[in-house]
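Student: So here's entry.csv, just CSV, C-alpha atoms and all ligand atoms:
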chain,number,residue,atom,x,y,z
A,1,MET,CA,59.2,78.3,61.8
A,2,ILE,CA,55.4,78.7,61.5
A,3,SER,CA,53.5,75.5,62.1
A,4,VAL,CA,49.7,75.1,62.2
A,5,GLU,CA,48.2,71.8,63.1
A,6,ASN,CA,44.6,70.7,62.8
A,7,LEU,CA,43.2,74.2,63.2
A,8,VAL,CA,39.5,74.4,63.6
A,9,PHE,CA,37.6,77.6,64.0
A,10,GLU,CA,33.8,77.9,64.2
A,11,TYR,CA,31.5,81.0,64.1
A,12,PRO,CA,28.0,80.2,65.3
A,13,GLY,CA,26.6,77.8,62.8
A,14,LYS,CA,29.7,78.1,60.4
A,15,ARG,CA,32.9,76.2,60.4
A,16,ALA,CA,35.4,78.7,58.9
A,17,LEU,CA,38.6,76.7,59.3
A,18,ASP,CA,38.4,72.9,58.9
A,19,LYS,CA,41.4,71.0,60.4
A,20,LEU,CA,44.1,73.2,58.7
A,21,SER,CA,47.6,72.0,58.9
A,22,PHE,CA,50.7,73.5,57.2
A,23,GLN,CA,54.2,74.8,57.8
A,24,ILE,CA,55.8,77.9,56.6
A,25,PRO,CA,59.6,78.2,56.4
A,26,GLN,CA,61.4,81.2,58.0
A,27,GLY,CA,62.2,84.0,55.6
A,28,SER,CA,59.5,83.2,53.1
A,29,ILE,CA,56.8,85.5,51.7
A,30,THR,CA,53.6,83.5,51.5
A,31,ALA,CA,50.7,84.5,49.4
A,32,LEU,CA,47.4,83.6,51.1
A,33,VAL,CA,44.7,83.4,48.5
A,34,GLY,CA,41.2,82.0,48.1
A,35,PRO,CA,37.7,83.0,47.1
A,36,ASN,CA,35.6,85.3,49.3
A,37,GLY,CA,34.7,83.6,52.5
A,38,ALA,CA,37.5,81.0,52.2
A,39,GLY,CA,38.7,81.7,55.7
A,40,LYS,CA,41.8,83.8,55.1
A,41,THR,CA,41.0,86.6,57.6
A,42,THR,CA,39.9,84.0,60.2
A,43,LEU,CA,43.2,82.2,59.7
A,44,LEU,CA,45.3,85.4,60.0
A,45,LYS,CA,43.4,86.5,63.1
A,46,CYS,CA,44.0,83.1,64.8
A,47,MET,CA,47.7,83.3,63.9
A,48,ALA,CA,47.8,86.8,65.3
A,49,ALA,CA,46.3,85.5,68.6
A,50,LEU,CA,43.3,87.8,68.2
A,51,ILE,CA,40.7,85.1,68.2
A,52,LYS,CA,40.8,81.6,69.8
A,53,PRO,CA,40.3,78.6,67.6
A,54,PHE,CA,38.0,75.7,68.7
A,55,SER,CA,40.9,73.3,68.5
A,56,GLY,CA,44.4,72.9,67.0
A,57,LYS,CA,47.8,74.3,67.6
A,58,ILE,CA,49.7,77.2,66.2
A,59,SER,CA,53.4,77.7,66.8
A,60,ILE,CA,55.4,80.7,65.6
A,61,ILE,CA,59.2,80.7,66.2
A,62,GLY,CA,58.7,78.2,68.9
A,63,ILE,CA,56.0,80.2,70.7
A,64,ASP,CA,52.7,78.4,71.3
A,65,VAL,CA,50.3,81.1,70.1
A,66,LEU,CA,47.3,79.8,72.0
A,67,LYS,CA,49.1,79.5,75.3
A,68,ASN,CA,51.1,82.7,75.1
A,69,PRO,CA,49.1,85.2,73.1
A,70,ARG,CA,50.9,88.2,74.6
A,71,GLU,CA,54.3,86.9,73.7
A,72,CYS,CA,53.0,86.2,70.2
A,73,HIS,CA,51.8,89.9,69.9
A,74,ARG,CA,55.4,90.9,70.5
A,75,ILE,CA,56.9,89.0,67.6
A,76,ILE,CA,54.0,89.5,65.2
A,77,GLY,CA,52.8,92.5,63.2
A,78,PHE,CA,49.2,92.4,62.0
A,79,LEU,CA,47.4,94.5,59.5
A,80,PRO,CA,43.7,93.8,59.6
A,81,ASP,CA,41.5,94.0,56.5
A,82,PHE,CA,39.4,96.7,58.2
A,83,PHE,CA,41.5,98.8,60.6
A,84,GLY,CA,40.8,101.8,62.8
A,85,LEU,CA,43.2,104.8,63.1
A,86,TYR,CA,42.8,107.8,65.4
A,87,ASP,CA,41.6,110.5,63.1
A,88,SER,CA,42.2,113.4,65.4
A,89,LEU,CA,45.8,112.4,66.2
A,90,ARG,CA,48.7,113.4,64.0
A,91,VAL,CA,50.5,110.7,62.0
A,92,TRP,CA,53.5,110.6,64.3
A,93,GLN,CA,51.2,110.4,67.3
A,94,VAL,CA,49.4,107.4,65.8
A,95,LEU,CA,52.7,105.6,65.2
A,96,SER,CA,54.0,106.5,68.6
A,97,TYR,CA,50.8,105.2,70.2
A,98,PHE,CA,51.1,101.9,68.5
A,99,ALA,CA,54.8,101.7,69.4
A,100,MET,CA,53.9,102.3,73.1
A,101,ALA,CA,51.1,99.8,72.9
A,102,ARG,CA,53.6,97.2,71.7
A,103,GLN,CA,56.1,98.1,74.5
A,104,VAL,CA,58.8,99.6,72.3
A,105,GLN,CA,61.3,101.3,74.6
A,106,LYS,CA,60.4,105.0,75.1
A,107,GLU,CA,63.8,106.4,74.1
A,108,ILE,CA,63.8,104.7,70.7
A,109,ILE,CA,60.2,105.4,69.7
A,110,PRO,CA,60.9,108.7,67.8
A,111,GLY,CA,63.6,107.0,65.7
A,112,ARG,CA,61.3,104.1,65.0
A,113,VAL,CA,58.5,106.5,64.0
A,114,VAL,CA,60.7,108.3,61.4
A,115,ASP,CA,62.1,105.0,60.1
A,116,ALA,CA,58.6,103.5,59.6
A,117,ALA,CA,57.4,106.7,58.0
A,118,LYS,CA,60.3,106.7,55.6
A,119,LYS,CA,59.8,103.1,54.7
A,120,LEU,CA,56.1,103.8,53.9
A,121,GLY,CA,56.9,107.1,52.1
A,122,ILE,CA,54.8,109.2,54.5
A,123,GLU,CA,57.7,111.1,56.2
A,124,ASP,CA,56.4,114.4,54.9
A,125,ARG,CA,53.0,113.7,56.4
A,126,LEU,CA,54.1,113.0,60.0
A,127,ASN,CA,52.5,116.3,61.3
A,128,ASP,CA,49.3,115.9,59.4
A,129,ARG,CA,46.1,114.9,61.2
A,130,THR,CA,45.3,111.2,60.3
A,131,GLY,CA,41.7,112.2,59.4
A,132,SER,CA,43.0,114.4,56.6
A,133,LEU,CA,44.9,111.5,54.9
A,134,SER,CA,43.7,109.9,51.7
A,135,ARG,CA,42.6,106.2,51.7
A,136,GLY,CA,46.0,105.1,50.3
A,137,MET,CA,47.9,107.1,52.8
A,138,ARG,CA,45.8,105.7,55.6
A,139,GLN,CA,46.6,102.2,54.3
A,140,ARG,CA,50.3,103.0,54.4
A,141,LEU,CA,50.0,104.3,58.0
A,142,ALA,CA,48.2,101.2,59.0
A,143,ILE,CA,51.0,99.1,57.5
A,144,GLY,CA,53.4,101.3,59.4
A,145,GLN,CA,51.7,100.6,62.7
A,146,SER,CA,52.0,96.8,62.0
A,147,LEU,CA,55.8,97.0,61.7
A,148,ILE,CA,56.6,99.7,64.3
A,149,HIS,CA,57.8,97.2,66.9
A,150,ASP,CA,60.1,95.5,64.4
A,151,PRO,CA,58.3,92.1,64.5
A,152,ASP,CA,59.8,88.9,63.0
A,153,VAL,CA,56.6,87.9,61.3
A,154,LEU,CA,54.2,90.1,59.5
A,155,LEU,CA,50.6,89.1,58.8
A,156,LEU,CA,49.0,91.4,56.3
A,157,ASP,CA,45.4,91.1,55.3
A,158,GLU,CA,44.8,92.8,52.0
A,159,PRO,CA,47.6,95.4,52.3
A,160,ALA,CA,47.2,96.6,48.7
A,161,SER,CA,43.6,97.4,49.0
A,162,GLY,CA,43.0,101.1,48.3
A,163,LEU,CA,46.5,101.7,47.0
A,164,ASP,CA,47.1,103.3,43.5
A,165,PRO,CA,49.4,101.4,41.1
A,166,GLU,CA,52.5,103.4,42.1
A,167,SER,CA,51.8,102.8,45.8
A,168,ARG,CA,51.2,99.1,45.1
A,169,TYR,CA,54.6,98.9,43.3
A,170,ALA,CA,56.1,100.7,46.4
A,171,LEU,CA,54.4,98.1,48.6
A,172,SER,CA,55.9,95.2,46.7
A,173,LYS,CA,59.3,96.7,47.0
A,174,LEU,CA,58.7,97.3,50.8
A,175,LEU,CA,57.6,93.7,51.3
A,176,LEU,CA,60.8,92.5,49.5
A,177,GLU,CA,62.9,94.8,51.6
A,178,LEU,CA,61.3,93.6,54.9
A,179,ASN,CA,61.8,90.1,53.7
A,180,SER,CA,65.5,90.8,53.0
A,181,GLU,CA,65.8,92.0,56.6
A,182,GLY,CA,64.9,88.5,57.6
A,183,LYS,CA,61.2,88.9,58.2
A,184,THR,CA,58.7,86.2,57.4
A,185,LEU,CA,55.5,87.5,55.7
A,186,ILE,CA,52.1,86.1,55.1
A,187,VAL,CA,50.1,88.3,52.7
A,188,SER,CA,46.5,87.8,51.8
A,189,SER,CA,45.4,89.4,48.6
A,190,HIS,CA,43.0,89.2,45.7
A,191,ILE,CA,45.4,91.1,43.5
A,192,LEU,CA,47.0,87.9,42.2
A,193,ALA,CA,49.1,89.4,39.5
A,194,GLU,CA,51.1,91.5,42.1
A,195,LEU,CA,51.7,88.5,44.4
A,196,ASP,CA,54.0,87.2,41.7
A,197,GLU,CA,56.4,90.1,42.3
A,198,TYR,CA,57.2,89.1,45.8
A,199,ALA,CA,55.6,85.8,46.9
A,200,ASN,CA,57.7,82.6,46.9
A,201,ASP,CA,55.2,80.5,48.7
A,202,LEU,CA,51.5,80.0,47.9
A,203,LEU,CA,48.7,78.9,50.2
A,204,ILE,CA,45.3,78.5,48.6
A,205,LEU,CA,42.3,78.2,50.9
A,206,LYS,CA,38.8,77.2,49.9
A,207,ASP,CA,35.8,76.6,52.2
A,208,GLY,CA,38.2,76.6,55.2
A,209,CYS,CA,40.5,73.9,53.8
A,210,ILE,CA,43.9,74.1,52.1
A,211,VAL,CA,43.5,73.1,48.5
A,212,GLU,CA,47.2,73.9,47.5
A,213,HIS,CA,50.4,74.7,49.3
A,214,SER,CA,53.3,75.1,47.1
A,215,ILE,CA,56.5,76.1,48.7
A,216,SER,CA,58.8,78.1,46.4
A,217,VAL,CA,56.5,79.1,43.7
A,218,LYS,CA,59.5,80.4,41.8
A,219,SER,CA,61.6,77.4,42.4
A,220,HIS,CA,63.2,75.6,39.5
A,221,LYS,CA,61.0,72.9,38.3
A,222,LYS,CA,62.3,69.6,36.8
A,223,PHE,CA,61.0,70.8,33.4
A,224,ARG,CA,60.4,74.1,31.7
A,225,THR,CA,57.4,74.9,29.5
A,226,ILE,CA,58.5,76.3,26.2
A,227,ILE,CA,56.4,78.1,23.6
A,228,ILE,CA,57.5,78.1,20.0
A,229,GLY,CA,55.9,79.9,17.1
A,230,LEU,CA,56.6,79.1,13.4
A,231,LEU,CA,55.8,81.2,10.4
A,232,TYR,CA,54.5,78.1,8.7
A,233,MET,CA,53.4,75.1,10.8
A,234,PRO,CA,54.1,71.8,9.0
A,235,GLU,CA,51.5,69.1,9.8
A,236,ASP,CA,54.1,66.8,11.3
A,237,PHE,CA,55.7,69.4,13.6
A,238,LEU,CA,54.4,67.9,16.8
A,239,GLN,CA,55.9,64.5,15.9
A,240,VAL,CA,59.2,66.1,15.0
A,241,LEU,CA,59.4,67.9,18.3
A,242,LEU,CA,58.3,64.8,20.4
A,243,ALA,CA,61.0,62.8,18.7
A,244,MET,CA,63.7,65.2,19.9
A,245,GLU,CA,65.7,64.7,23.1
A,246,ASN,CA,64.2,65.9,26.4
A,247,VAL,CA,60.9,67.0,24.9
A,248,LYS,CA,57.5,65.8,26.4
A,249,SER,CA,53.8,66.7,26.1
A,250,ALA,CA,53.9,68.9,23.0
A,251,GLU,CA,50.6,70.4,21.9
A,252,ILE,CA,49.3,73.1,19.6
A,253,ILE,CA,47.9,76.2,21.3
A,254,THR,CA,46.1,79.2,20.0
A,255,LEU,CA,47.3,82.6,21.3
A,256,GLU,CA,45.3,85.7,21.1
A,257,ASP,CA,47.4,88.0,18.9
A,258,SER,CA,46.1,91.3,17.8
A,259,THR,CA,49.0,91.8,15.3
A,260,SER,CA,48.2,88.8,13.2
A,261,LYS,CA,45.6,89.0,10.4
A,262,ASP,CA,42.9,86.8,11.9
A,263,GLY,CA,43.6,87.9,15.5
A,264,ALA,CA,44.9,84.6,16.6
A,265,SER,CA,48.1,82.7,15.9
A,266,LYS,CA,49.0,79.0,16.4
A,267,ASN,CA,52.0,78.1,18.5
A,268,VAL,CA,53.3,74.9,20.1
A,269,ARG,CA,53.8,74.4,23.8
A,270,PHE,CA,56.0,71.6,25.1
A,271,ASP,CA,57.8,70.6,28.3
A,272,PHE,CA,61.5,70.5,28.1
A,273,TYR,CA,63.5,68.5,30.6
A,274,GLY,CA,67.1,69.5,29.8
A,275,ASP,CA,69.5,72.4,30.8
A,276,ASN,CA,70.2,75.5,28.8
A,277,GLU,CA,72.8,73.9,26.7
A,278,LYS,CA,70.4,71.2,25.6
A,279,LEU,CA,67.8,73.8,25.0
A,280,ASN,CA,70.2,75.7,22.8
A,281,GLU,CA,71.0,72.5,20.9
A,282,LEU,CA,67.3,72.0,20.2
A,283,LEU,CA,66.8,75.5,18.9
A,284,GLU,CA,69.9,75.2,16.7
A,285,LYS,CA,68.6,71.9,15.2
A,286,LEU,CA,65.2,73.4,14.4
A,287,VAL,CA,66.9,76.4,12.7
A,288,ALA,CA,69.3,74.1,10.8
A,289,ASP,CA,66.3,72.0,9.7
A,290,ASN,CA,64.8,75.2,8.2
A,291,TYR,CA,61.8,75.6,10.5
A,292,LYS,CA,60.8,79.3,10.3
A,293,ILE,CA,60.9,80.2,14.0
A,294,CYS,CA,59.4,83.5,14.9
A,295,GLU,CA,58.9,83.0,18.7
A,296,PHE,CA,60.7,80.9,21.3
A,297,TYR,CA,60.3,81.5,25.0
A,298,ILE,CA,60.0,79.9,28.4
A,299,LYS,CA,56.5,80.2,29.8
A,300,HIS,CA,56.4,80.8,33.6
A,301,GLU,CA,53.3,79.8,35.4
A,302,ASN,CA,52.3,82.7,37.6
A,303,VAL,CA,50.4,82.8,40.9
A,304,GLN,CA,47.2,83.8,39.0
A,305,GLU,CA,47.4,80.8,36.6
A,306,GLN,CA,48.3,78.4,39.4
A,307,TYR,CA,45.4,79.8,41.5
A,308,LEU,CA,42.8,79.6,38.8
A,309,LYS,CA,43.9,76.0,37.9
A,310,THR,CA,43.6,74.9,41.5
A,311,ILE,CA,40.3,76.6,42.3
A,312,LYS,CA,38.7,75.2,39.1
B,401,LIG,P1,37.2,87.7,52.0
B,401,LIG,O1,38.1,87.3,50.9
B,401,LIG,O2,35.8,88.0,51.6
B,401,LIG,O3,37.8,88.7,53.0
B,401,LIG,P2,38.0,85.5,53.8
B,401,LIG,O4,38.6,84.4,53.0
B,401,LIG,O5,38.8,86.4,54.6
B,401,LIG,O6,37.0,86.3,52.9
B,401,LIG,P3,36.6,85.0,56.4
B,401,LIG,O7,36.3,86.5,56.6
B,401,LIG,O8,37.7,84.4,57.2
B,401,LIG,O9,37.0,84.7,54.8
B,401,LIG,O10,35.3,84.2,56.6
B,401,LIG,C1,35.3,82.8,56.5
B,401,LIG,C2,33.8,82.3,56.7
B,401,LIG,O11,33.4,82.7,58.0
B,401,LIG,C3,32.8,83.0,55.8
B,401,LIG,O12,31.9,82.1,55.4
B,401,LIG,C4,32.2,84.1,56.6
B,401,LIG,O13,30.9,84.4,56.1
B,401,LIG,C5,32.2,83.5,58.0
B,401,LIG,N1,32.3,84.5,59.0
B,401,LIG,C6,33.3,85.4,59.1
B,401,LIG,N2,33.1,86.2,60.2
B,401,LIG,C7,31.9,85.7,60.8
B,401,LIG,C8,31.2,86.1,62.0
B,401,LIG,N3,31.6,87.1,62.8
B,401,LIG,N4,30.1,85.4,62.3
B,401,LIG,C9,29.7,84.4,61.5
B,401,LIG,N5,30.4,84.0,60.4
B,401,LIG,C10,31.5,84.6,60.0
Mind turning this structure into structure tokens?
Tutor:
Amino acid sequence: MISVENLVFEYPGKRALDKLSFQIPQGSITALVGPNGAGKTTLLKCMAALIKPFSGKISIIGIDVLKNPRECHRIIGFLPDFFGLYDSLRVWQVLSYFAMARQVQKEIIPGRVVDAAKKLGIEDRLNDRTGSLSRGMRQRLAIGQSLIHDPDVLLLDEPASGLDPESRYALSKLLLELNSEGKTLIVSSHILAELDEYANDLLILKDGCIVEHSISVKSHKKFRTIIIGLLYMPEDFLQVLLAMENVKSAEIITLEDSTSKDGASKNVRFDFYGDNEKLNELLEKLVADNYKICEFYIKHENVQEQYLKTIK
């Protein structure tokens, strides 16, 4: 539903996007990550039809963004990393203004304003002057302006910046809610741990190029990584494990553990290729063979780990 082909963007003397191509399925939440200067903001601005690339093609729900920027503005909501609000206006006036600017029908604007304010948890601030809002509240209002026209696609550049932990949690919930309404979201963020809560697609940029695009971060892999801890680790334990059905690549790992005497404990990590029943059989066998198991869990690779591995 979103397709980008050979996108090139150049600032004077700097190629910010270098022949980017990717596709994003409808209904996904894509985490757009990368080091400072990777090109995230430039990419989002190109997709929002706010700046014109040097070459390439962007298509969003069948709309050619470069040929029909106005039509694109209708179906896209954009939160810039640095945004301006009208400080002397009241919160409801700001939301109404943006609704009018996006050609929302006049009669439905008051309802939309209240809905957006409720979603963002700022309904009790509708009559306050925007200039009197805290940074976090301003951020919420800015997100509100991006969705006031009920767009199909939301492009959010650092939406969590300036939000306290409670508001960030509320933001994660809001993004999931918007997604469940059928909206497709692309969210750029440096707060990788939180992207895990909502993103199901990961796009990693570096130096204007895509270094990884994994659709369905949370999708079921062919294998699962299992961590197992023993009270006493026999020397031949790795061989024992590797000889078992569906087990591959077993290795000893050291986990930082403040509760153990020396501050670190040894565990084994292995890849398991079977279903839950097979996993249960493996566990029962180890217990029957008298291995003193004190830990046994599935290790999920999160966005942060995937990002750091890729960027390295
Ligand atoms: P950050 O995480 O720091 O926000 P980013 O991934 O969003 O970074 P961009 O802001 O898109 O990166 O910048 C991409 C590259 O383009 C950077 O090298 C940046 O210095 C450069 N750049 C951005 N804006 C301009 C500009 N107006 N003129 C010249 N170069 C620019």
Student: Using only C-alpha atoms, which residues sit within 7 Å of region 52-55 of chain A once same-chain residues fewer than 4 positions away are excluded, as a list in words?
Tutor: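 These residues fall inside the cut-off: Leu7, Val8, Phe9, Glu10 and Cys46 of chain A.
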Student: From the set A:Lys14, A:Arg112, A:Arg269, A:Arg90, which residue has the shortest atom-to-atom contact distance to ligand LIG 401 (chain B), counting all atoms listed in the file?
Tutor: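 Using all atoms listed in the file, ligand LIG 401 (chain B) sits closest to A:Lys14.
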Student: With only C-alpha atoms counted and 6 Å as the cut-off, give the residues of region 3-116 of chain A in contact with region 182-190 of chain A, each with its shortest interatomic distance in Å and the pair that gives it, as a tab-separated table.
Tutor:
residue	atom	partner	partner_atom	distance
A:Gln26	CA	A:Thr184	CA	5.7
A:Gly27	CA	A:Thr184	CA	4.5
A:Ser28	CA	A:Thr184	CA	5.3
A:Ile29	CA	A:Leu185	CA	4.7
A:Thr30	CA	A:Ile186	CA	4.7
A:Ala31	CA	A:Val187	CA	5.1
A:Leu32	CA	A:Ser188	CA	4.4
A:Val33	CA	A:Ser188	CA	5.8
Student: Pick from A:Ser134, A:Gln23, A:Ser161, A:Asn36: nearest to ligand LIG 401 (chain B), with only C-alpha atoms and all ligand atoms counted?
Tutor: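 Under the stated criterion, the closest residue is A:Asn36.
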Student: Write out as JSON lines a residue-level contact list of chain A versus ligand LIG 401 (chain B) with cut-off 9 Å: for each qualifying residue the closest pair of atoms and the distance in Å to one decimal, counting all atoms listed in the file, rows sorted by chain and residue number upward.
Tutor:
{"residue": "A:Phe9", "atom": "CA", "partner": "B:LIG401", "partner_atom": "O11", "distance": 8.9}
{"residue": "A:Glu10", "atom": "CA", "partner": "B:LIG401", "partner_atom": "O11", "distance": 7.9}
{"residue": "A:Tyr11", "atom": "CA", "partner": "B:LIG401", "partner_atom": "C9", "distance": 4.6}
{"residue": "A:Pro12", "atom": "CA", "partner": "B:LIG401", "partner_atom": "C9", "distance": 5.9}
{"residue": "A:Gly13", "atom": "CA", "partner": "B:LIG401", "partner_atom": "C9", "distance": 7.4}
{"residue": "A:Lys14", "atom": "CA", "partner": "B:LIG401", "partner_atom": "N5", "distance": 5.9}
{"residue": "A:Arg15", "atom": "CA", "partner": "B:LIG401", "partner_atom": "O11", "distance": 6.9}
{"residue": "A:Ala16", "atom": "CA", "partner": "B:LIG401", "partner_atom": "C2", "distance": 4.5}
{"residue": "A:Leu17", "atom": "CA", "partner": "B:LIG401", "partner_atom": "C1", "distance": 7.5}
{"residue": "A:Val33", "atom": "CA", "partner": "B:LIG401", "partner_atom": "O4", "distance": 7.6}
{"residue": "A:Gly34", "atom": "CA", "partner": "B:LIG401", "partner_atom": "O4", "distance": 6.0}
{"residue": "A:Pro35", "atom": "CA", "partner": "B:LIG401", "partner_atom": "O1", "distance": 5.8}
{"residue": "A:Asn36", "atom": "CA", "partner": "B:LIG401", "partner_atom": "O2", "distance": 3.6}
{"residue": "A:Gly37", "atom": "CA", "partner": "B:LIG401", "partner_atom": "O9", "distance": 3.4}
{"residue": "A:Ala38", "atom": "CA", "partner": "B:LIG401", "partner_atom": "O4", "distance": 3.7}
{"residue": "A:Gly39", "atom": "CA", "partner": "B:LIG401", "partner_atom": "O8", "distance": 3.2}
{"residue": "A:Lys40", "atom": "CA", "partner": "B:LIG401", "partner_atom": "O4", "distance": 3.9}
{"residue": "A:Thr41", "atom": "CA", "partner": "B:LIG401", "partner_atom": "O5", "distance": 3.7}
{"residue": "A:Thr42", "atom": "CA", "partner": "B:LIG401", "partner_atom": "O8", "distance": 3.7}
{"residue": "A:Leu43", "atom": "CA", "partner": "B:LIG401", "partner_atom": "O8", "distance": 6.4}
{"residue": "A:Leu44", "atom": "CA", "partner": "B:LIG401", "partner_atom": "O8", "distance": 8.2}
{"residue": "A:Lys45", "atom": "CA", "partner": "B:LIG401", "partner_atom": "O8", "distance": 8.5}
{"residue": "A:Asp81", "atom": "CA", "partner": "B:LIG401", "partner_atom": "O3", "distance": 7.4}
{"residue": "A:Asp157", "atom": "CA", "partner": "B:LIG401", "partner_atom": "O5", "distance": 8.1}
{"residue": "A:Glu158", "atom": "CA", "partner": "B:LIG401", "partner_atom": "O3", "distance": 8.2}
{"residue": "A:Ser188", "atom": "CA", "partner": "B:LIG401", "partner_atom": "O5", "distance": 8.3}
{"residue": "A:Ser189", "atom": "CA", "partner": "B:LIG401", "partner_atom": "O1", "distance": 7.9}
{"residue": "A:His190", "atom": "CA", "partner": "B:LIG401", "partner_atom": "O1", "distance": 7.4}
{"residue": "A:Leu205", "atom": "CA", "partner": "B:LIG401", "partner_atom": "O4", "distance": 7.5}
{"residue": "A:Lys206", "atom": "CA", "partner": "B:LIG401", "partner_atom": "O4", "distance": 7.8}
{"residue": "A:Asp207", "atom": "CA", "partner": "B:LIG401", "partner_atom": "O12", "distance": 7.5}
{"residue": "A:Gly208", "atom": "CA", "partner": "B:LIG401", "partner_atom": "C1", "distance": 7.0}
Student: Using only C-alpha atoms, which residues sit within 12 Å of Ala193 (chain A) once same-chain residues fewer than 4 positions away are excluded, as a ChimeraX atom specification?
Tutor: /A:31,33,160,168-169,172,189,197-199,301-308
Student: Measure the distance from CA of Ile311 (chain A) to CA of Glu212 (chain A) in Å and round it to one decimal.
Tutor: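 Spanning CA of Ile311 (chain A) to CA of Glu212 (chain A) is a straight-line distance of 9.1 Å.
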Student: Pick the closest to Asp201 (chain A) from A:Ser214, A:His300, A:Gly274, A:Leu175: which is it, counting all atoms listed in the file?
Tutor: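 Smallest separation from Asp201 (chain A) among the options: A:Ser214.
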Student: Of the candidates A:Leu66, A:Met100, A:Ile228, A:Ile204, which one gets nearest to Phe296 (chain A) if we count all atoms listed in the file?
Tutor: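 Closest residue, counting all atoms listed in the file: A:Ile228.
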Student: Determine, counting only C-alpha atoms, every residue of protein, DNA or RNA that lies within 6 Å of (49.7, 74.7, 64.0) in the file coordinates, then give the result as an MDAnalysis selection string.
Tutor: chainID A and resid 3:5 57:59
Student: Please indicate the distance in Å from CA of Val211 (chain A) to CA of Met47 (chain A), rounded to one decimal place.
Tutor: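 Going from CA of Val211 (chain A) over to CA of Met47 (chain A), I get 18.9 Å.
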Student: Please rebuild region 293-305 of chain A with N, CA, C and O atoms and give the result as a PDB file, in the frame of the given file.
Tutor:
ATOM      1  N   ILE A 293      61.241  79.834  12.613  1.00  0.00           N
ATOM      2  CA  ILE A 293      60.900  80.200  14.000  1.00  0.00           C
ATOM      3  C   ILE A 293      60.699  81.691  14.150  1.00  0.00           C
ATOM      4  O   ILE A 293      61.578  82.455  13.762  1.00  0.00           O
ATOM      5  N   CYS A 294      59.553  82.102  14.676  1.00  0.00           N
ATOM      6  CA  CYS A 294      59.400  83.500  14.900  1.00  0.00           C
ATOM      7  C   CYS A 294      59.187  83.824  16.426  1.00  0.00           C
ATOM      8  O   CYS A 294      59.219  84.972  16.863  1.00  0.00           O
ATOM      9  N   GLU A 295      58.961  82.760  17.213  1.00  0.00           N
ATOM     10  CA  GLU A 295      58.900  83.000  18.700  1.00  0.00           C
ATOM     11  C   GLU A 295      59.473  81.755  19.370  1.00  0.00           C
ATOM     12  O   GLU A 295      59.327  80.623  18.901  1.00  0.00           O
ATOM     13  N   PHE A 296      60.135  82.005  20.517  1.00  0.00           N
ATOM     14  CA  PHE A 296      60.700  80.900  21.300  1.00  0.00           C
ATOM     15  C   PHE A 296      60.964  81.436  22.699  1.00  0.00           C
ATOM     16  O   PHE A 296      61.835  82.259  22.913  1.00  0.00           O
ATOM     17  N   TYR A 297      60.134  81.019  23.637  1.00  0.00           N
ATOM     18  CA  TYR A 297      60.300  81.500  25.000  1.00  0.00           C
ATOM     19  C   TYR A 297      59.858  80.561  26.065  1.00  0.00           C
ATOM     20  O   TYR A 297      59.090  79.636  25.782  1.00  0.00           O
ATOM     21  N   ILE A 298      60.378  80.801  27.271  1.00  0.00           N
ATOM     22  CA  ILE A 298      60.000  79.900  28.400  1.00  0.00           C
ATOM     23  C   ILE A 298      58.753  80.533  29.047  1.00  0.00           C
ATOM     24  O   ILE A 298      58.691  81.731  29.324  1.00  0.00           O
ATOM     25  N   LYS A 299      57.736  79.681  29.245  1.00  0.00           N
ATOM     26  CA  LYS A 299      56.500  80.200  29.800  1.00  0.00           C
ATOM     27  C   LYS A 299      56.501  79.897  31.323  1.00  0.00           C
ATOM     28  O   LYS A 299      56.587  78.761  31.765  1.00  0.00           O
ATOM     29  N   HIS A 300      56.438  80.975  32.098  1.00  0.00           N
ATOM     30  CA  HIS A 300      56.400  80.800  33.600  1.00  0.00           C
ATOM     31  C   HIS A 300      54.969  80.796  34.029  1.00  0.00           C
ATOM     32  O   HIS A 300      54.185  81.654  33.640  1.00  0.00           O
ATOM     33  N   GLU A 301      54.633  79.824  34.867  1.00  0.00           N
ATOM     34  CA  GLU A 301      53.300  79.800  35.400  1.00  0.00           C
ATOM     35  C   GLU A 301      53.226  80.780  36.583  1.00  0.00           C
ATOM     36  O   GLU A 301      54.036  80.680  37.501  1.00  0.00           O
ATOM     37  N   ASN A 302      52.362  81.755  36.506  1.00  0.00           N
ATOM     38  CA  ASN A 302      52.300  82.700  37.600  1.00  0.00           C
ATOM     39  C   ASN A 302      51.297  82.337  38.647  1.00  0.00           C
ATOM     40  O   ASN A 302      50.550  81.367  38.493  1.00  0.00           O
ATOM     41  N   VAL A 303      51.278  83.112  39.731  1.00  0.00           N
ATOM     42  CA  VAL A 303      50.400  82.800  40.900  1.00  0.00           C
ATOM     43  C   VAL A 303      48.932  82.759  40.366  1.00  0.00           C
ATOM     44  O   VAL A 303      48.154  81.886  40.730  1.00  0.00           O
ATOM     45  N   GLN A 304      48.591  83.703  39.469  1.00  0.00           N
ATOM     46  CA  GLN A 304      47.200  83.800  39.000  1.00  0.00           C
ATOM     47  C   GLN A 304      46.814  82.490  38.255  1.00  0.00           C
ATOM     48  O   GLN A 304      45.757  81.919  38.515  1.00  0.00           O
ATOM     49  N   GLU A 305      47.712  82.015  37.380  1.00  0.00           N
ATOM     50  CA  GLU A 305      47.400  80.800  36.600  1.00  0.00           C
ATOM     51  C   GLU A 305      47.305  79.591  37.565  1.00  0.00           C
ATOM     52  O   GLU A 305      46.404  78.768  37.455  1.00  0.00           O
TER      53      GLU A 305
END
